[in-house]
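Peer 1: Handing over run-v7.cif, mmCIF, C-alpha atoms.
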data_entry
loop_
_atom_site.label_atom_id
_atom_site.label_comp_id
_atom_site.auth_asym_id
_atom_site.auth_seq_id
_atom_site.Cartn_x
_atom_site.Cartn_y
_atom_site.Cartn_z
CA GLU A 2 -6.01 -17.86 10.84
CA ALA A 3 -5.47 -14.66 8.81
CA VAL A 4 -6.30 -16.38 5.51
CA ASP A 5 -9.32 -18.07 7.10
CA ALA A 6 -10.60 -14.69 8.33
CA THR A 7 -10.34 -13.27 4.81
CA ILE A 8 -12.10 -16.23 3.24
CA ALA A 9 -14.82 -16.05 5.90
CA ARG A 10 -15.20 -12.30 5.18
CA ARG A 11 -14.32 -11.31 8.76
CA ASP A 12 -12.27 -8.25 9.67
CA SER A 13 -8.85 -9.00 11.11
CA LEU A 14 -5.74 -7.49 12.64
CA VAL A 15 -2.64 -9.50 11.79
CA VAL A 16 0.61 -8.83 13.62
CA LEU A 17 3.49 -10.85 12.20
CA PRO A 18 7.21 -10.14 12.15
CA THR A 19 8.91 -8.87 9.01
CA GLY A 20 9.23 -11.85 6.70
CA GLY A 21 6.44 -13.67 8.54
CA GLY A 22 4.06 -13.92 5.57
CA LYS A 23 1.78 -10.89 5.87
CA SER A 24 1.70 -10.38 2.09
CA LEU A 25 0.79 -14.01 1.50
CA CYS A 26 -2.20 -13.53 3.83
CA TYR A 27 -3.80 -11.11 1.33
CA GLN A 28 -2.36 -12.61 -1.88
CA LEU A 29 -3.70 -16.13 -1.38
CA PRO A 30 -7.48 -15.62 -0.76
CA PRO A 31 -8.25 -14.03 -4.17
CA LEU A 32 -6.72 -17.10 -5.83
CA LEU A 33 -9.02 -19.39 -3.85
CA ARG A 34 -12.30 -17.77 -4.88
CA ALA A 35 -14.58 -19.60 -7.28
CA PRO A 36 -14.74 -18.43 -10.91
CA GLY A 37 -17.20 -15.56 -11.24
CA GLU A 38 -16.83 -14.39 -7.64
CA ALA A 39 -15.44 -10.95 -6.92
CA THR A 40 -11.76 -11.44 -6.19
CA LEU A 41 -10.23 -7.98 -6.13
CA CYS A 42 -8.27 -7.21 -2.99
CA LEU A 43 -7.51 -3.52 -2.56
CA VAL A 44 -4.14 -3.18 -0.82
CA VAL A 45 -3.42 0.13 0.89
CA SER A 46 0.31 0.71 1.21
CA PRO A 47 2.28 3.83 2.17
CA LEU A 48 5.47 2.86 0.33
CA ILE A 49 5.67 3.29 -3.44
CA ALA A 50 8.90 1.31 -3.71
CA LEU A 51 7.32 -1.62 -1.84
CA MET A 52 4.23 -1.50 -4.08
CA LYS A 53 6.40 -1.52 -7.19
CA ASP A 54 8.54 -4.42 -5.94
CA GLN A 55 5.49 -6.50 -5.02
CA VAL A 56 3.64 -5.82 -8.28
CA ASP A 57 6.74 -6.59 -10.36
CA ALA A 58 7.33 -9.89 -8.51
CA LEU A 59 3.66 -10.88 -8.67
CA ARG A 60 3.40 -10.18 -12.39
CA LEU A 61 6.58 -12.14 -13.01
CA ALA A 62 4.88 -15.09 -11.29
CA GLY A 63 1.76 -14.63 -13.46
CA TYR A 64 -0.35 -13.09 -10.69
CA PRO A 65 -2.63 -10.28 -11.97
CA ALA A 66 -1.69 -7.21 -9.94
CA ALA A 67 -1.34 -3.48 -10.49
CA ALA A 68 -0.59 -0.34 -8.50
CA LEU A 69 -1.92 3.21 -8.52
CA HIS A 70 0.26 5.89 -6.99
CA SER A 71 2.05 9.09 -7.97
CA GLY A 72 4.76 7.17 -9.87
CA VAL A 73 2.28 5.57 -12.29
CA ASP A 74 1.66 7.46 -15.54
CA ALA A 75 -1.85 8.18 -16.83
CA GLY A 76 -1.78 5.36 -19.40
CA GLU A 77 -0.76 2.75 -16.84
CA ALA A 78 -3.39 4.02 -14.42
CA ALA A 79 -6.12 3.79 -17.08
CA ASP A 80 -4.99 0.25 -17.94
CA ALA A 81 -5.11 -0.77 -14.27
CA ARG A 82 -8.60 0.68 -13.82
CA ARG A 83 -9.90 -1.08 -16.94
CA ALA A 84 -8.38 -4.38 -15.78
CA ALA A 85 -10.07 -3.99 -12.38
CA GLU A 86 -13.41 -3.11 -14.01
CA ARG A 87 -13.24 -6.26 -16.16
CA GLY A 88 -12.35 -8.48 -13.20
CA HIS A 89 -8.86 -9.17 -14.54
CA LEU A 90 -6.98 -8.07 -11.39
CA LYS A 91 -6.64 -9.93 -8.11
CA LEU A 92 -4.65 -7.23 -6.27
CA LEU A 93 -4.72 -3.48 -6.70
CA PHE A 94 -2.16 -1.59 -4.62
CA VAL A 95 -2.95 2.03 -3.85
CA SER A 96 -1.44 4.73 -1.68
CA PRO A 97 -3.73 6.16 1.01
CA GLU A 98 -3.43 9.62 -0.56
CA ARG A 99 -4.70 8.33 -3.93
CA LEU A 100 -7.35 6.15 -2.33
CA LEU A 101 -8.93 8.97 -0.36
CA THR A 102 -9.60 11.28 -3.30
CA ASP A 103 -13.28 11.77 -4.15
CA GLY A 104 -12.73 10.53 -7.68
CA PHE A 105 -11.11 7.29 -6.57
CA LEU A 106 -13.69 6.57 -3.87
CA GLY A 107 -16.44 7.17 -6.44
CA TRP A 108 -14.73 4.82 -8.87
CA LEU A 109 -14.54 2.13 -6.16
CA ARG A 110 -18.27 2.50 -5.45
CA GLY A 111 -18.96 2.08 -9.16
CA LEU A 112 -16.90 -1.10 -9.44
CA GLY A 113 -19.55 -3.14 -7.69
CA ARG A 114 -22.30 -1.75 -9.90
CA SER A 115 -20.55 -2.18 -13.25
CA GLY A 116 -18.79 -5.48 -12.67
CA PRO A 117 -16.91 -7.40 -10.03
CA GLY A 118 -16.48 -5.34 -6.92
CA VAL A 119 -13.88 -5.20 -4.19
CA GLU A 120 -13.77 -8.45 -2.23
CA SER A 121 -11.53 -7.26 0.60
CA VAL A 122 -9.26 -4.45 1.75
CA ALA A 123 -5.76 -5.13 3.07
CA ILE A 124 -4.14 -2.30 5.01
CA ASP A 125 -0.40 -2.79 5.00
CA GLU A 126 1.76 -1.06 7.61
CA ALA A 127 -1.42 -0.66 9.67
CA HIS A 128 0.49 0.77 12.62
CA CYS A 129 0.38 4.03 10.62
CA ILE A 130 -3.31 4.25 11.58
CA SER A 131 -2.55 4.75 15.23
CA GLN A 132 -1.80 8.11 16.71
CA TRP A 133 0.21 6.12 19.26
CA GLY A 134 2.34 4.44 16.60
CA HIS A 135 5.83 5.45 15.51
CA ASP A 136 4.79 6.22 11.90
CA PHE A 137 1.40 7.91 12.39
CA ARG A 138 -0.01 9.26 9.11
CA PRO A 139 -3.22 11.31 9.14
CA GLU A 140 -4.35 9.79 5.80
CA TYR A 141 -4.36 6.35 7.42
CA ARG A 142 -6.73 7.60 10.11
CA ARG A 143 -9.21 8.44 7.33
CA LEU A 144 -9.32 4.83 6.11
CA ALA A 145 -12.42 4.41 8.26
CA GLU A 146 -14.23 6.23 5.42
CA LEU A 147 -13.95 3.00 3.44
CA ARG A 148 -16.72 1.55 5.62
CA ASP A 149 -19.15 3.96 3.93
CA THR A 150 -17.68 3.55 0.45
CA LEU A 151 -17.47 -0.25 0.59
CA PRO A 152 -20.15 -1.39 3.05
CA GLY A 153 -19.82 -5.02 4.05
CA VAL A 154 -16.34 -5.41 2.57
CA PRO A 155 -14.00 -6.96 5.16
CA MET A 156 -10.95 -4.98 6.24
CA HIS A 157 -7.67 -6.62 7.18
CA ALA A 158 -4.93 -4.69 8.95
CA TYR A 159 -1.34 -5.98 8.71
CA THR A 160 1.68 -4.81 10.66
CA ALA A 161 4.90 -6.08 12.14
CA THR A 162 4.96 -3.57 14.96
CA ALA A 163 2.04 -2.89 17.26
CA THR A 164 2.01 -2.44 21.00
CA PRO A 165 -1.23 -3.35 22.77
CA LYS A 166 -2.21 0.36 22.76
CA VAL A 167 -1.58 0.60 18.98
CA ARG A 168 -3.57 -2.62 18.38
CA ASP A 169 -6.54 -1.20 20.27
CA ASP A 170 -6.31 2.03 18.27
CA ILE A 171 -6.18 0.17 14.94
#
Kindly present the structure from the file in structure tokens form.
Peer 2:
Amino acid sequence: EAVDATIARRDSLVVLPTGGGKSLCYQLPPLLRAPGEATLCLVVSPLIALMKDQVDALRLAGYPAAALHSGVDAGEAADARRAAERGHLKLLFVSPERLLTDGFLGWLRGLGRSGPGVESVAIDEAHCISQWGHDFRPEYRRLAELRDTLPGVPMHAYTATATPKVRDDI
């Protein structure tokens, strides 16, 4: 159902246990798009180590992925941006702090004008959005700004832990 929602360009909230396949839900749809279609999935993640592990494993499998966060040097960041602009990436992981800078939001807006744009946004650890969650992060609350930056782009929230109150808040 989660993959179908992404393919159908519908927003979704996916609550699956750890190890239940949340990552696969946002990794698979970009591979299923027709040649020439925008396929970039922007993945918002709060954990640099997790981003690094996922990107390393994906690249090892031949999946075009990159990450932008404070641990990435300027050369790597420029390479990742160029790859995204040319449509060579399927997944771009980014921390919420990096994502919400004016420069990055402006760059995202420009992607759709200068080449393939963002197809979808995956918000990992989405319980961080909720002020009722155990890991509330104010930057996550600002992710609603993406609606203005990327109008019409579907948003998919993924978490392993969400009470009914947290789900409503997300």
Peer 1: From the list A:Ala161, A:Val122, A:Ala79, A:Val167, which residue is nearest Leu41 of chain A when using only C-alpha atoms?
Peer 2: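 For Leu41 of chain A, the nearest of the candidates is A:Val122.
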Peer 1: I would like the residues chosen by the PyMOL selection byres ((chain A and resi 9-18) around 10) on the shown file; could you give them as a ChimeraX atom specification?
Peer 2: /A:2-8,19-23,26,30,120-128,153-164,168-169,171
Peer 1: Restricting the calculation to all atoms listed in the file, which member of A:Leu59, A:Leu151, A:Val95, A:Met52 is positioned closest to Leu109 of chain A?
Peer 2: A:Leu151
Peer 1: When you look at Leu90 of chain A with a cut-off of 7 Å (counting all atoms listed in the file), what residues show up, excluding the ones that are within fewer than 6 positions of it in the same chain? I need them as a PyMOL selection string.
Peer 2: chain A and resi 41+65-66+84
Peer 1: In Å, with one decimal, what is the gap from atom CA of Gly113 of chain A to atom CA of Pro47 of chain A?
Peer 2: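 Going from atom CA of Gly113 of chain A over to atom CA of Pro47 of chain A covers 24.9 Å.
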Peer 1: Run the PyMOL selection byres ((chain A and resi 55) around 12) against the file shown and list the residues it catches, as a list in words.
Peer 2: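 Applied to this file, the PyMOL selection byres ((chain A and resi 55) around 12) selects Ser24, Leu25, Gln28, Val44, Ser46, Leu48, Ile49, Ala50, Leu51, Met52, Lys53, Asp54, Val56, Asp57, Ala58, Leu59, Arg60, Leu61, Ala62, Tyr64, Pro65, Ala66, Ala67, Ala68, Leu92, Leu93 and Phe94 of chain A.
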Peer 1: From the options A:Pro152, A:Pro117, A:Gly107, A:Pro97, which residue's atoms come nearest to Cys129 of chain A, counting all atoms listed in the file?
Peer 2: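 Looking only at the distances to Cys129 of chain A, the closest residue turns out to be A:Pro97.
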Peer 1: Just give me the gap between atom CA of Leu106 of chain A and atom CA of Thr150 of chain A in Å, one decimal is fine.
Peer 2: 6.6 Å
Peer 1: Could you tell me how far atom CA of Ala78 of chain A sits from atom CA of Tyr141 of chain A, in Å to one decimal place?
Peer 2: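 One can read the atom CA of Tyr141 of chain A to atom CA of Ala78 of chain A distance as 22.0 Å.
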Peer 1: Pick out the closest residue to Leu101 of chain A from this set: A:Leu147, A:Ala85, A:Val119, A:Leu69. Count all atoms listed in the file.
Peer 2: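 Of the candidates, the smallest distance to Leu101 of chain A is held by A:Leu147.
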Peer 1: Counting only C-alpha atoms, which of A:Gly118, A:Phe105, A:Arg148, A:Gly72 gets nearest to Lys91 of chain A?
Peer 2: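 Looking at the shortest contact to Lys91 of chain A, the residue is A:Gly118.
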Peer 1: When distances are computed from only C-alpha atoms, which of A:Arg142, A:His70, A:Arg114, A:Arg34 shows the smallest separation from Glu86 of chain A?
Peer 2: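 Ranked by minimum distance to Glu86 of chain A, first place goes to A:Arg114.
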